[in-house]
$ cat my_file05.pdb   # PDB, C-alpha atoms
ATOM      1  CA  MET A   1       8.577 -57.954 -87.592
ATOM      2  CA  ILE A   2       9.780 -57.932 -84.007
ATOM      3  CA  PHE A   3      13.158 -59.187 -82.846
ATOM      4  CA  SER A   4      11.579 -61.980 -80.829
ATOM      5  CA  SER A   5       9.823 -63.479 -83.881
ATOM      6  CA  ILE A   6      10.777 -66.335 -86.171
ATOM      7  CA  GLU A   7      10.395 -63.887 -89.073
ATOM      8  CA  PHE A   8      13.232 -61.767 -87.740
ATOM      9  CA  ILE A   9      15.489 -64.793 -87.188
ATOM     10  CA  LEU A  10      14.975 -65.833 -90.821
ATOM     11  CA  PHE A  11      15.461 -62.229 -91.957
ATOM     12  CA  PHE A  12      18.691 -61.859 -89.982
ATOM     13  CA  ILE A  13      20.108 -65.156 -91.259
ATOM     14  CA  SER A  14      19.343 -64.091 -94.846
ATOM     15  CA  PHE A  15      20.894 -60.696 -94.170
ATOM     16  CA  THR A  16      24.134 -62.143 -92.777
ATOM     17  CA  LEU A  17      24.442 -64.555 -95.712
ATOM     18  CA  LEU A  18      24.069 -61.684 -98.165
ATOM     19  CA  ILE A  19      26.730 -59.683 -96.306
ATOM     20  CA  LYS A  20      29.072 -62.676 -96.221
ATOM     21  CA  PHE A  21      28.775 -63.629 -99.889
ATOM     22  CA  PHE A  22      28.430 -60.134-101.357
ATOM     23  CA  PRO A  23      30.734 -57.999 -99.172
ATOM     24  CA  ASN A  24      31.301 -55.405-101.910
ATOM     25  CA  TYR A  25      27.618 -54.493-101.762
ATOM     26  CA  GLN A  26      27.481 -54.189 -97.969
ATOM     27  CA  LYS A  27      26.058 -50.668 -97.835
ATOM     28  CA  HIS A  28      23.339 -51.397-100.365
ATOM     29  CA  ILE A  29      22.438 -54.641 -98.590
ATOM     30  CA  ILE A  30      22.071 -52.771 -95.279
ATOM     31  CA  ILE A  31      19.875 -50.083 -96.866
ATOM     32  CA  ILE A  32      17.624 -52.458 -98.820
ATOM     33  CA  SER A  33      17.350 -54.889 -95.889
ATOM     34  CA  SER A  34      16.493 -52.035 -93.510
ATOM     35  CA  LEU A  35      13.782 -50.786 -95.873
ATOM     36  CA  PHE A  36      12.370 -54.297 -96.093
ATOM     37  CA  PHE A  37      12.517 -54.650 -92.301
ATOM     38  CA  TYR A  38      10.633 -51.360 -91.866
ATOM     39  CA  SER A  39       8.095 -52.002 -94.651
ATOM     40  CA  TYR A  40       7.242 -55.423 -93.202
ATOM     41  CA  TRP A  41       5.096 -53.646 -90.582
ATOM     42  CA  ASN A  42       3.178 -51.432 -92.990
ATOM     43  CA  LEU A  43       4.245 -50.925 -96.574
ATOM     44  CA  ALA A  44       2.464 -47.568 -96.870
ATOM     45  CA  PHE A  45       4.584 -45.970 -94.158
ATOM     46  CA  THR A  46       7.758 -46.782 -96.074
ATOM     47  CA  PHE A  47       7.117 -43.567 -97.997
ATOM     48  CA  LEU A  48       7.349 -41.674 -94.699
ATOM     49  CA  ILE A  49      10.811 -42.962 -93.869
ATOM     50  CA  ILE A  50      11.903 -42.286 -97.459
ATOM     51  CA  TYR A  51      10.687 -38.707 -97.023
ATOM     52  CA  LEU A  52      12.665 -38.353 -93.803
ATOM     53  CA  PHE A  53      16.028 -39.513 -95.116
ATOM     54  CA  ILE A  54      15.725 -37.677 -98.451
ATOM     55  CA  SER A  55      14.557 -34.396 -96.901
ATOM     56  CA  THR A  56      17.133 -34.544 -94.089
ATOM     57  CA  PHE A  57      19.972 -35.173 -96.539
ATOM     58  CA  PHE A  58      18.756 -32.307 -98.739
ATOM     59  CA  LEU A  59      18.581 -29.948 -95.738
ATOM     60  CA  ILE A  60      22.114 -30.930 -94.731
ATOM     61  CA  LYS A  61      23.595 -30.433 -98.191
ATOM     62  CA  LYS A  62      21.827 -27.112 -98.748
ATOM     63  CA  LYS A  63      22.804 -25.958 -95.237
ATOM     64  CA  ILE A  64      19.277 -24.792 -94.530
ATOM     65  CA  ASN A  65      18.837 -22.818 -91.309
ATOM     66  CA  LEU A  66      17.839 -24.979 -88.335
ATOM     67  CA  ASN A  67      14.810 -22.762 -87.695
ATOM     68  CA  ILE A  68      13.472 -23.993 -91.041
ATOM     69  CA  SER A  69      14.934 -27.489 -91.303
ATOM     70  CA  ILE A  70      13.878 -28.778 -87.865
ATOM     71  CA  PRO A  71      10.161 -27.911 -88.380
ATOM     72  CA  ILE A  72      10.318 -29.641 -91.781
ATOM     73  CA  ILE A  73      11.609 -32.813 -90.122
ATOM     74  CA  LEU A  74       9.096 -32.505 -87.259
ATOM     75  CA  LEU A  75       6.101 -32.046 -89.568
ATOM     76  CA  PRO A  76       5.317 -35.770 -90.107
ATOM     77  CA  LEU A  77       5.718 -36.485 -86.376
ATOM     78  CA  PHE A  78       3.321 -33.688 -85.490
ATOM     79  CA  PHE A  79       0.766 -34.794 -88.089
ATOM     80  CA  PHE A  80       0.725 -38.497 -87.267
ATOM     81  CA  LYS A  81       1.227 -38.333 -83.500
ATOM     82  CA  TYR A  82      -0.086 -34.975 -82.291
ATOM     83  CA  SER A  83      -2.568 -33.541 -84.804
ATOM     84  CA  SER A  84      -5.568 -35.273 -83.238
ATOM     85  CA  PHE A  85      -4.593 -34.136 -79.740
ATOM     86  CA  ALA A  86      -3.742 -30.557 -80.746
ATOM     87  CA  LEU A  87      -6.818 -29.992 -82.923
ATOM     88  CA  SER A  88      -9.168 -31.486 -80.329
ATOM     89  CA  PHE A  89      -9.137 -28.044 -78.682
ATOM     90  CA  ILE A  90     -10.509 -26.382 -81.826
ATOM     91  CA  LYS A  91     -14.268 -26.861 -82.190
ATOM     92  CA  THR A  92     -14.550 -26.664 -85.963
ATOM     93  CA  ASP A  93     -14.672 -29.044 -88.904
ATOM     94  CA  PHE A  94     -12.376 -26.816 -90.947
ATOM     95  CA  PHE A  95      -9.201 -28.558 -89.719
ATOM     96  CA  ASP A  96     -10.498 -32.123 -90.030
ATOM     97  CA  PHE A  97      -8.355 -32.580 -93.118
ATOM     98  CA  PHE A  98      -5.245 -32.033 -90.969
ATOM     99  CA  LEU A  99      -6.346 -34.499 -88.289
ATOM    100  CA  TYR A 100      -4.934 -38.031 -88.205
ATOM    101  CA  THR A 101      -6.471 -40.740 -86.043
ATOM    102  CA  GLY A 102      -5.095 -43.907 -87.621
ATOM    103  CA  GLU A 103      -2.227 -46.227 -86.808
ATOM    104  CA  LEU A 104       0.966 -44.509 -85.698
ATOM    105  CA  PRO A 105       3.877 -45.078 -88.117
ATOM    106  CA  LEU A 106       6.510 -47.380 -86.701
ATOM    107  CA  ALA A 107       9.425 -45.671 -84.920
ATOM    108  CA  ILE A 108       8.546 -42.226 -86.233
ATOM    109  CA  SER A 109       9.675 -40.559 -82.982
ATOM    110  CA  PHE A 110      13.054 -42.306 -82.893
ATOM    111  CA  ILE A 111      13.810 -41.710 -86.578
ATOM    112  CA  THR A 112      12.805 -38.050 -86.287
ATOM    113  CA  PHE A 113      15.022 -37.496 -83.238
ATOM    114  CA  THR A 114      17.964 -39.179 -84.979
ATOM    115  CA  ALA A 115      17.489 -36.915 -88.012
ATOM    116  CA  ILE A 116      17.286 -33.769 -85.847
ATOM    117  CA  ALA A 117      20.415 -34.805 -83.947
ATOM    118  CA  ILE A 118      22.530 -35.080 -87.091
ATOM    119  CA  LEU A 119      21.198 -31.746 -88.387
ATOM    120  CA  ILE A 120      22.251 -30.015 -85.170
ATOM    121  CA  ASP A 121      25.550 -31.888 -84.835
ATOM    122  CA  ILE A 122      26.618 -30.888 -88.345
ATOM    123  CA  LYS A 123      25.527 -27.284 -87.784
ATOM    124  CA  ASN A 124      27.469 -27.128 -84.497
ATOM    125  CA  LYS A 125      30.473 -28.938 -86.026
ATOM    126  CA  GLN A 126      30.099 -31.865 -83.648
ATOM    127  CA  PHE A 127      30.209 -34.095 -86.722
ATOM    128  CA  ASN A 128      32.501 -33.023 -89.556
ATOM    129  CA  GLU A 129      32.726 -36.024 -91.867
ATOM    130  CA  GLU A 130      31.547 -35.630 -95.443
ATOM    131  CA  LEU A 131      28.379 -37.636 -96.008
ATOM    132  CA  THR A 132      27.293 -39.182 -99.282
ATOM    133  CA  PHE A 133      23.641 -39.995 -99.846
ATOM    134  CA  VAL A 134      24.386 -43.705 -99.445
ATOM    135  CA  ASN A 135      26.358 -43.254 -96.204
ATOM    136  CA  PHE A 136      23.680 -41.010 -94.712
ATOM    137  CA  THR A 137      20.816 -43.334 -95.681
ATOM    138  CA  GLU A 138      22.675 -46.330 -94.284
ATOM    139  CA  PHE A 139      23.143 -44.491 -90.974
ATOM    140  CA  LEU A 140      19.542 -43.350 -90.608
ATOM    141  CA  LEU A 141      18.001 -46.694 -91.658
ATOM    142  CA  TYR A 142      20.336 -49.129 -89.905
ATOM    143  CA  PHE A 143      17.708 -51.660 -88.828
ATOM    144  CA  PRO A 144      18.890 -52.858 -85.360
ATOM    145  CA  GLN A 145      18.261 -49.375 -83.906
ATOM    146  CA  LEU A 146      15.350 -48.485 -86.169
ATOM    147  CA  ILE A 147      12.307 -49.344 -84.038
ATOM    148  CA  ALA A 148      13.038 -48.073 -80.536
ATOM    149  CA  GLY A 149      16.655 -47.033 -80.350
ATOM    150  CA  PRO A 150      19.131 -46.586 -78.944
ATOM    151  CA  ILE A 151      19.002 -43.110 -80.500
ATOM    152  CA  LEU A 152      22.352 -42.809 -82.225
ATOM    153  CA  ARG A 153      24.590 -39.873 -83.076
ATOM    154  CA  ALA A 154      26.317 -39.871 -86.432
ATOM    155  CA  LYS A 155      29.764 -39.958 -84.798
ATOM    156  CA  GLU A 156      28.800 -43.192 -83.022
ATOM    157  CA  LEU A 157      27.703 -45.173 -86.077
ATOM    158  CA  VAL A 158      28.872 -43.638 -89.359
ATOM    159  CA  PRO A 159      32.590 -44.466 -88.801
ATOM    160  CA  GLN A 160      31.699 -48.069 -87.921
ATOM    161  CA  LEU A 161      29.541 -48.507 -91.017
ATOM    162  CA  LYS A 162      32.513 -47.530 -93.172
ATOM    163  CA  ASN A 163      34.270 -50.708 -92.100
ATOM    164  CA  LYS A 164      33.699 -54.068 -93.713
ATOM    165  CA  ILE A 165      31.689 -56.494 -91.601
ATOM    166  CA  PHE A 166      33.713 -59.522 -90.525
ATOM    167  CA  PHE A 167      32.032 -62.287 -88.588
ATOM    168  CA  LYS A 168      34.439 -62.902 -85.712
ATOM    169  CA  ASN A 169      33.797 -65.830 -83.376
ATOM    170  CA  GLU A 170      33.904 -63.718 -80.216
ATOM    171  CA  ASN A 171      31.396 -61.240 -81.673
ATOM    172  CA  ILE A 172      29.108 -64.036 -82.812
ATOM    173  CA  ARG A 173      29.168 -65.736 -79.407
ATOM    174  CA  PHE A 174      28.602 -62.562 -77.379
ATOM    175  CA  GLY A 175      26.019 -61.244 -79.838
ATOM    176  CA  ILE A 176      23.985 -64.442 -79.599
ATOM    177  CA  LEU A 177      24.295 -64.434 -75.793
ATOM    178  CA  LEU A 178      23.130 -60.813 -75.461
ATOM    179  CA  PHE A 179      20.328 -61.358 -77.968
ATOM    180  CA  SER A 180      19.213 -64.416 -75.994
ATOM    181  CA  VAL A 181      19.182 -62.433 -72.729
ATOM    182  CA  GLY A 182      16.976 -59.834 -74.373
ATOM    183  CA  PHE A 183      14.750 -62.555 -75.816
ATOM    184  CA  ILE A 184      14.231 -64.063 -72.359
ATOM    185  CA  LYS A 185      13.461 -60.651 -70.860
ATOM    186  CA  LYS A 186      10.886 -59.952 -73.539
ATOM    187  CA  ILE A 187       9.158 -63.310 -73.997
ATOM    188  CA  PHE A 188       9.409 -65.017 -70.620
ATOM    189  CA  LEU A 189       9.287 -62.002 -68.309
ATOM    190  CA  ALA A 190       7.692 -58.926 -69.924
ATOM    191  CA  ASP A 191       5.032 -60.767 -71.911
ATOM    192  CA  ASN A 192       4.041 -63.039 -69.018
ATOM    193  CA  ILE A 193       3.813 -60.113 -66.595
ATOM    194  CA  ALA A 194       1.638 -58.313 -69.157
ATOM    195  CA  ILE A 195      -0.770 -61.264 -69.245
ATOM    196  CA  ILE A 196      -1.227 -60.875 -65.491
ATOM    197  CA  ILE A 197      -1.561 -57.109 -65.177
ATOM    198  CA  ASP A 198      -3.190 -55.991 -68.433
ATOM    199  CA  PRO A 199      -6.710 -56.940 -67.239
ATOM    200  CA  TYR A 200      -6.177 -54.822 -64.097
ATOM    201  CA  PHE A 201      -5.553 -51.701 -66.160
ATOM    202  CA  GLU A 202      -8.225 -52.436 -68.751
ATOM    203  CA  ASN A 203     -11.020 -52.918 -66.188
ATOM    204  CA  PRO A 204      -9.784 -51.723 -62.774
ATOM    205  CA  GLU A 205     -13.324 -51.581 -61.392
ATOM    206  CA  LEU A 206     -13.529 -55.381 -61.588
ATOM    207  CA  TYR A 207     -10.599 -55.957 -59.227
ATOM    208  CA  GLY A 208      -9.876 -55.429 -55.556
ATOM    209  CA  SER A 209      -7.197 -53.265 -54.000
ATOM    210  CA  GLU A 210      -4.731 -56.173 -53.677
ATOM    211  CA  ASP A 211      -4.862 -56.853 -57.416
ATOM    212  CA  LEU A 212      -4.475 -53.182 -58.248
ATOM    213  CA  ILE A 213      -1.441 -52.904 -55.943
ATOM    214  CA  LYS A 214       0.003 -55.987 -57.620
ATOM    215  CA  GLY A 215      -0.472 -54.351 -61.007
ATOM    216  CA  TYR A 216       1.089 -51.121 -59.733
ATOM    217  CA  LEU A 217       4.182 -52.999 -58.495
ATOM    218  CA  LEU A 218       4.566 -55.272 -61.524
ATOM    219  CA  PHE A 219       4.049 -52.624 -64.199
ATOM    220  CA  PRO A 220       7.552 -51.041 -63.800
ATOM    221  CA  LEU A 221       9.099 -54.504 -64.147
ATOM    222  CA  GLN A 222       7.039 -55.261 -67.242
ATOM    223  CA  ILE A 223       8.105 -51.987 -68.880
ATOM    224  CA  TYR A 224      11.750 -52.547 -67.959
ATOM    225  CA  PHE A 225      11.943 -56.142 -69.191
ATOM    226  CA  ASP A 226      10.083 -55.257 -72.386
ATOM    227  CA  PHE A 227      12.140 -52.199 -73.300
ATOM    228  CA  SER A 228      15.555 -53.333 -72.071
ATOM    229  CA  GLY A 229      14.904 -56.745 -73.637
ATOM    230  CA  TYR A 230      14.383 -55.106 -77.005
ATOM    231  CA  ILE A 231      17.538 -53.024 -76.562
ATOM    232  CA  ASP A 232      19.571 -56.109 -75.605
ATOM    233  CA  MET A 233      18.407 -57.826 -78.784
ATOM    234  CA  ALA A 234      19.290 -54.725 -80.843
ATOM    235  CA  LEU A 235      22.758 -54.559 -79.274
ATOM    236  CA  GLY A 236      23.232 -58.300 -79.666
ATOM    237  CA  ALA A 237      22.346 -58.260 -83.371
ATOM    238  CA  SER A 238      24.782 -55.378 -83.908
ATOM    239  CA  ILE A 239      27.612 -57.001 -81.946
ATOM    240  CA  PHE A 240      27.080 -60.112 -84.096
ATOM    241  CA  LEU A 241      27.967 -57.844 -87.038
ATOM    242  CA  GLY A 242      30.910 -56.285 -85.204
ATOM    243  CA  ILE A 243      29.102 -52.973 -84.639
ATOM    244  CA  LYS A 244      28.849 -51.521 -81.130
ATOM    245  CA  LEU A 245      25.815 -49.513 -80.101
ATOM    246  CA  PRO A 246      25.712 -47.458 -76.865
ATOM    247  CA  ILE A 247      24.084 -49.043 -73.823
ATOM    248  CA  ASN A 248      20.624 -47.723 -73.060
ATOM    249  CA  PHE A 249      19.948 -49.078 -69.566
ATOM    250  CA  ASN A 250      22.286 -49.194 -66.585
ATOM    251  CA  LYS A 251      20.460 -50.752 -63.616
ATOM    252  CA  PRO A 252      17.958 -47.869 -63.367
ATOM    253  CA  TYR A 253      15.895 -49.378 -60.526
ATOM    254  CA  LEU A 254      19.003 -49.660 -58.337
ATOM    255  CA  THR A 255      19.689 -45.916 -58.405
ATOM    256  CA  GLY A 256      19.144 -43.770 -55.324
ATOM    257  CA  SER A 257      17.451 -40.710 -56.834
ATOM    258  CA  LEU A 258      15.229 -39.666 -59.699
ATOM    259  CA  THR A 259      18.136 -37.746 -61.239
ATOM    260  CA  SER A 260      20.273 -40.901 -61.268
ATOM    261  CA  PHE A 261      17.329 -42.902 -62.562
ATOM    262  CA  TRP A 262      16.962 -40.729 -65.665
ATOM    263  CA  ARG A 263      20.700 -41.000 -66.254
ATOM    264  CA  SER A 264      20.335 -44.776 -66.290
ATOM    265  CA  TRP A 265      16.963 -45.325 -68.024
ATOM    266  CA  HIS A 266      16.801 -44.994 -71.817
ATOM    267  CA  ILE A 267      20.139 -43.233 -71.625
ATOM    268  CA  THR A 268      20.326 -42.169 -75.268
ATOM    269  CA  LEU A 269      16.893 -40.512 -75.084
ATOM    270  CA  SER A 270      17.757 -38.721 -71.836
ATOM    271  CA  ASN A 271      21.011 -37.538 -73.415
ATOM    272  CA  TRP A 272      19.099 -36.337 -76.478
ATOM    273  CA  PHE A 273      16.812 -34.133 -74.385
ATOM    274  CA  ARG A 274      19.800 -32.916 -72.393
ATOM    275  CA  ASP A 275      21.944 -32.016 -75.422
ATOM    276  CA  TYR A 276      19.321 -30.699 -77.832
ATOM    277  CA  LEU A 277      16.762 -29.101 -75.527
ATOM    278  CA  TYR A 278      17.917 -28.598 -71.927
ATOM    279  CA  ILE A 279      21.420 -27.244 -72.649
ATOM    280  CA  PRO A 280      20.346 -24.972 -75.559
ATOM    281  CA  MET A 281      17.751 -23.396 -73.219
ATOM    282  CA  GLY A 282      20.575 -22.546 -70.832
ATOM    283  CA  GLY A 283      20.793 -25.724 -68.780
ATOM    284  CA  SER A 284      22.311 -25.009 -65.387
ATOM    285  CA  ARG A 285      24.493 -22.128 -66.622
ATOM    286  CA  LEU A 286      22.041 -19.401 -65.713
ATOM    287  CA  SER A 287      20.203 -18.651 -62.475
ATOM    288  CA  LYS A 288      18.801 -21.359 -60.231
ATOM    289  CA  ASN A 289      15.260 -20.340 -61.090
ATOM    290  CA  ARG A 290      16.071 -20.683 -64.791
ATOM    291  CA  LEU A 291      17.622 -24.103 -64.082
ATOM    292  CA  TYR A 292      14.384 -25.268 -62.451
ATOM    293  CA  LEU A 293      12.308 -23.871 -65.310
ATOM    294  CA  ASN A 294      14.526 -25.591 -67.883
ATOM    295  CA  LEU A 295      14.175 -28.913 -66.070
ATOM    296  CA  ILE A 296      10.398 -28.658 -65.902
ATOM    297  CA  ILE A 297      10.075 -27.620 -69.560
ATOM    298  CA  THR A 298      12.413 -30.404 -70.706
ATOM    299  CA  MET A 299      10.643 -33.124 -68.744
ATOM    300  CA  THR A 300       7.186 -31.863 -69.731
ATOM    301  CA  ILE A 301       8.159 -32.055 -73.404
ATOM    302  CA  ALA A 302       9.665 -35.494 -72.735
ATOM    303  CA  GLY A 303       6.317 -36.521 -71.286
ATOM    304  CA  LEU A 304       4.529 -35.279 -74.402
ATOM    305  CA  TRP A 305       7.049 -37.212 -76.515
ATOM    306  CA  HIS A 306       5.986 -40.408 -74.771
ATOM    307  CA  GLY A 307       2.323 -39.870 -75.624
ATOM    308  CA  ALA A 308      -0.118 -37.276 -76.938
ATOM    309  CA  SER A 309      -2.323 -36.818 -73.885
ATOM    310  CA  PHE A 310      -2.595 -34.715 -70.746
ATOM    311  CA  ASN A 311      -1.657 -37.766 -68.662
ATOM    312  CA  PHE A 312       1.793 -37.874 -70.261
ATOM    313  CA  ILE A 313       2.186 -34.100 -70.035
ATOM    314  CA  LEU A 314       1.348 -34.231 -66.323
ATOM    315  CA  TRP A 315       3.691 -37.204 -65.848
ATOM    316  CA  GLY A 316       6.529 -35.270 -67.474
ATOM    317  CA  PHE A 317       5.761 -32.113 -65.483
ATOM    318  CA  LEU A 318       5.789 -34.023 -62.181
ATOM    319  CA  ASN A 319       9.091 -35.658 -63.078
ATOM    320  CA  GLY A 320      10.531 -32.221 -63.765
ATOM    321  CA  LEU A 321       9.132 -30.911 -60.481
ATOM    322  CA  PHE A 322      10.653 -33.784 -58.482
ATOM    323  CA  LEU A 323      14.001 -33.280 -60.250
ATOM    324  CA  CYS A 324      13.889 -29.641 -59.129
ATOM    325  CA  LEU A 325      13.183 -30.700 -55.557
ATOM    326  CA  GLU A 326      16.202 -33.003 -55.686
ATOM    327  CA  LYS A 327      18.311 -30.081 -56.839
ATOM    328  CA  ILE A 328      16.945 -27.827 -54.081
ATOM    329  CA  TYR A 329      17.546 -30.383 -51.319
ATOM    330  CA  ASN A 330      20.742 -31.772 -52.911
ATOM    331  CA  ILE A 331      19.387 -35.306 -53.277
ATOM    332  CA  ASN A 332      21.411 -37.052 -55.930
ATOM    333  CA  ASN A 333      22.943 -40.505 -55.873
ATOM    334  CA  LYS A 334      25.464 -40.639 -58.726
ATOM    335  CA  ASN A 335      25.892 -44.386 -58.585
TER     336      ASN A 335
END
$ encode --input "my_file05.pdb" --output "structure tokens"
Amino acid sequence: MIFSSIEFILFFISFTLLIKFFPNYQKHIIIISSLFFYSYWNLAFTFLIIYLFISTFFLIKKKINLNISIPIILLPLFFFKYSSFALSFIKTDFFDFFLYTGELPLAISFITFTAIAILIDIKNKQFNEELTFVNFTEFLLYFPQLIAGPILRAKELVPQLKNKIFFKNENIRFGILLFSVGFIKKIFLADNIAIIIDPYFENPELYGSEDLIKGYLLFPLQIYFDFSGYIDMALGASIFLGIKLPINFNKPYLTGSLTSFWRSWHITLSNWFRDYLYIPMGGSRLSKNRLYLNLIITMTIAGLWHGASFNFILWGFLNGLFLCLEKIYNINNKN
């Protein structure tokens, strides 16, 4: 069920009616509706998301050391997304049982990162509110951000979910407007660009240099309209409910440097890598050489997060290298 489908429109209408007529059961409606929304893609993978919110809540309540709890949360992500890639280097049939080559579970990366963030935030006292099982589950499963973000921190959403949902006219109007903008980006721009350029990438040998250049120039627009369109629809659906999610794109292609670009593209993901990987490694607090190393490691891991292949690892490494060059030559447009 994607936001730009008639199924989602019917789902969202049913959801809002349930909230309106049964306000005392708001939390349970959000949880059950979110589970239904997730299971609509593949019922079998619902057990995965159940594992993630139960295990994360258990690890929080038992105050398990992060060195143990984070690998436990990462285990499903590694198995489903990276086991095939990692074990491809081992020439033996012994590990075939641990190798997964099927369909990737929906949103497993985003849910995993959200779970890790709340583990670390609670450990570092960045989030101090007492969480019940219902409140925690509602936060982790909240369906507008479930598929592809924005990646939320507990302090951004948990306090809002404690409030009753009231359908205010200004929220309804702006929510529908923002959702419609995202819908147009996705359906009329991203999908139509994809129809043009997908054949170029599938069979590049069949096309001339002009077509390949066209594909090269249109691909960034297709990715932007597709991803930002989804985010606009997620934000619009939330605003409709009176819940504000953080913006995830801020005119990234109008920035003047790669550093500024990554501060404006998928902002919540960039902030996640900054706060939970780059800064804990030392960030820019140590020597310049360590700063450059931290940047390259962070971006290389970010590349691997985007896809389990050497192409993505190389893409992340090169981004880290170019960010270092911007630091060295002081190239950074903060606008």
$ resolve_selection --input "my_file05.pdb" --expression "the PyMOL selection byres ((chain A and resi 235) around 8)" --output "list in words"
Pro144, Gly175, Leu178, Phe179, Ile231, Asp232, Met233, Ala234, Gly236, Ala237, Ser238, Ile239, Lys244, Leu245 and Ile247 of chain A
$ residues_around --input "my_file05.pdb" --residues "Ile193 in chain A" --least-positions-apart "3" --cutoff "9 Å" --atoms "all atoms listed in the file" --output "count of residues only"
10
$ closest_residue --input "my_file05.pdb" --among "A:Lys62, A:Ser287, A:Asn24, A:Leu258" --to "Leu321 in chain A" --atoms "all atoms listed in the file"
A:Leu258
$ residues_near_point --input "my_file05.pdb" --point "(4.3, -35.5, -64.5)" --cutoff "12 Å" --atoms "only C-alpha atoms" --output "PyMOL selection string"
chain A and resi 295-304+306+309-323
$ write_last_selection --input "my_file05.pdb" --atoms "C-alpha atoms" --output "PDB file, keeping the file's coordinate frame"
ATOM      1  CA  LEU A 295      14.175 -28.913 -66.070  1.00  0.00           C
ATOM      2  CA  ILE A 296      10.398 -28.658 -65.902  1.00  0.00           C
ATOM      3  CA  ILE A 297      10.075 -27.620 -69.560  1.00  0.00           C
ATOM      4  CA  THR A 298      12.413 -30.404 -70.706  1.00  0.00           C
ATOM      5  CA  MET A 299      10.643 -33.124 -68.744  1.00  0.00           C
ATOM      6  CA  THR A 300       7.186 -31.863 -69.731  1.00  0.00           C
ATOM      7  CA  ILE A 301       8.159 -32.055 -73.404  1.00  0.00           C
ATOM      8  CA  ALA A 302       9.665 -35.494 -72.735  1.00  0.00           C
ATOM      9  CA  GLY A 303       6.317 -36.521 -71.286  1.00  0.00           C
ATOM     10  CA  LEU A 304       4.529 -35.279 -74.402  1.00  0.00           C
ATOM     11  CA  HIS A 306       5.986 -40.408 -74.771  1.00  0.00           C
ATOM     12  CA  SER A 309      -2.323 -36.818 -73.885  1.00  0.00           C
ATOM     13  CA  PHE A 310      -2.595 -34.715 -70.746  1.00  0.00           C
ATOM     14  CA  ASN A 311      -1.657 -37.766 -68.662  1.00  0.00           C
ATOM     15  CA  PHE A 312       1.793 -37.874 -70.261  1.00  0.00           C
ATOM     16  CA  ILE A 313       2.186 -34.100 -70.035  1.00  0.00           C
ATOM     17  CA  LEU A 314       1.348 -34.231 -66.323  1.00  0.00           C
ATOM     18  CA  TRP A 315       3.691 -37.204 -65.848  1.00  0.00           C
ATOM     19  CA  GLY A 316       6.529 -35.270 -67.474  1.00  0.00           C
ATOM     20  CA  PHE A 317       5.761 -32.113 -65.483  1.00  0.00           C
ATOM     21  CA  LEU A 318       5.789 -34.023 -62.181  1.00  0.00           C
ATOM     22  CA  ASN A 319       9.091 -35.658 -63.078  1.00  0.00           C
ATOM     23  CA  GLY A 320      10.531 -32.221 -63.765  1.00  0.00           C
ATOM     24  CA  LEU A 321       9.132 -30.911 -60.481  1.00  0.00           C
ATOM     25  CA  PHE A 322      10.653 -33.784 -58.482  1.00  0.00           C
ATOM     26  CA  LEU A 323      14.001 -33.280 -60.250  1.00  0.00           C
TER      27      LEU A 323
END
$ atom_distance --input "my_file05.pdb" --atom1 "CA of Ser55 in chain A" --atom2 "CA of Leu35 in chain A"
16.4 Å
$ closest_residue --input "my_file05.pdb" --among "A:Thr137, A:Ser270, A:Asn289, A:Ser209" --to "Ile111 in chain A" --atoms "all atoms listed in the file"
A:Thr137
$ closest_residue --input "my_file05.pdb" --among "A:Ile13, A:Leu141, A:Leu291, A:Leu131" --to "Phe36 in chain A" --atoms "all atoms listed in the file"
A:Leu141
$ decode --input "my_file05.pdb" --residues "range 257-263 of chain A" --atoms "N, CA, C and O atoms" --output "PDB file, in the first residue's frame"
ATOM      1  N   SER A 257      27.424  23.377  -2.308  1.00  0.00           N
ATOM      2  CA  SER A 257      28.518  22.470  -1.994  1.00  0.00           C
ATOM      3  C   SER A 257      27.934  21.123  -1.621  1.00  0.00           C
ATOM      4  O   SER A 257      26.739  20.994  -1.309  1.00  0.00           O
ATOM      5  N   LEU A 258      28.786  20.108  -1.646  1.00  0.00           N
ATOM      6  CA  LEU A 258      28.332  18.772  -1.269  1.00  0.00           C
ATOM      7  C   LEU A 258      27.970  18.720   0.215  1.00  0.00           C
ATOM      8  O   LEU A 258      27.016  18.041   0.613  1.00  0.00           O
ATOM      9  N   THR A 259      28.717  19.438   1.039  1.00  0.00           N
ATOM     10  CA  THR A 259      28.415  19.511   2.467  1.00  0.00           C
ATOM     11  C   THR A 259      27.009  20.058   2.697  1.00  0.00           C
ATOM     12  O   THR A 259      26.213  19.499   3.459  1.00  0.00           O
ATOM     13  N   SER A 260      26.684  21.156   2.014  1.00  0.00           N
ATOM     14  CA  SER A 260      25.351  21.754   2.144  1.00  0.00           C
ATOM     15  C   SER A 260      24.283  20.836   1.568  1.00  0.00           C
ATOM     16  O   SER A 260      23.163  20.769   2.080  1.00  0.00           O
ATOM     17  N   PHE A 261      24.650  20.125   0.504  1.00  0.00           N
ATOM     18  CA  PHE A 261      23.692  19.193  -0.098  1.00  0.00           C
ATOM     19  C   PHE A 261      23.261  18.140   0.918  1.00  0.00           C
ATOM     20  O   PHE A 261      22.068  17.875   1.086  1.00  0.00           O
ATOM     21  N   TRP A 262      24.224  17.525   1.609  1.00  0.00           N
ATOM     22  CA  TRP A 262      23.880  16.464   2.549  1.00  0.00           C
ATOM     23  C   TRP A 262      23.212  16.993   3.806  1.00  0.00           C
ATOM     24  O   TRP A 262      22.634  16.224   4.577  1.00  0.00           O
ATOM     25  N   ARG A 263      23.276  18.308   4.010  1.00  0.00           N
ATOM     26  CA  ARG A 263      22.502  18.901   5.109  1.00  0.00           C
ATOM     27  C   ARG A 263      21.074  19.214   4.687  1.00  0.00           C
ATOM     28  O   ARG A 263      20.252  19.597   5.518  1.00  0.00           O
TER      29      ARG A 263
END
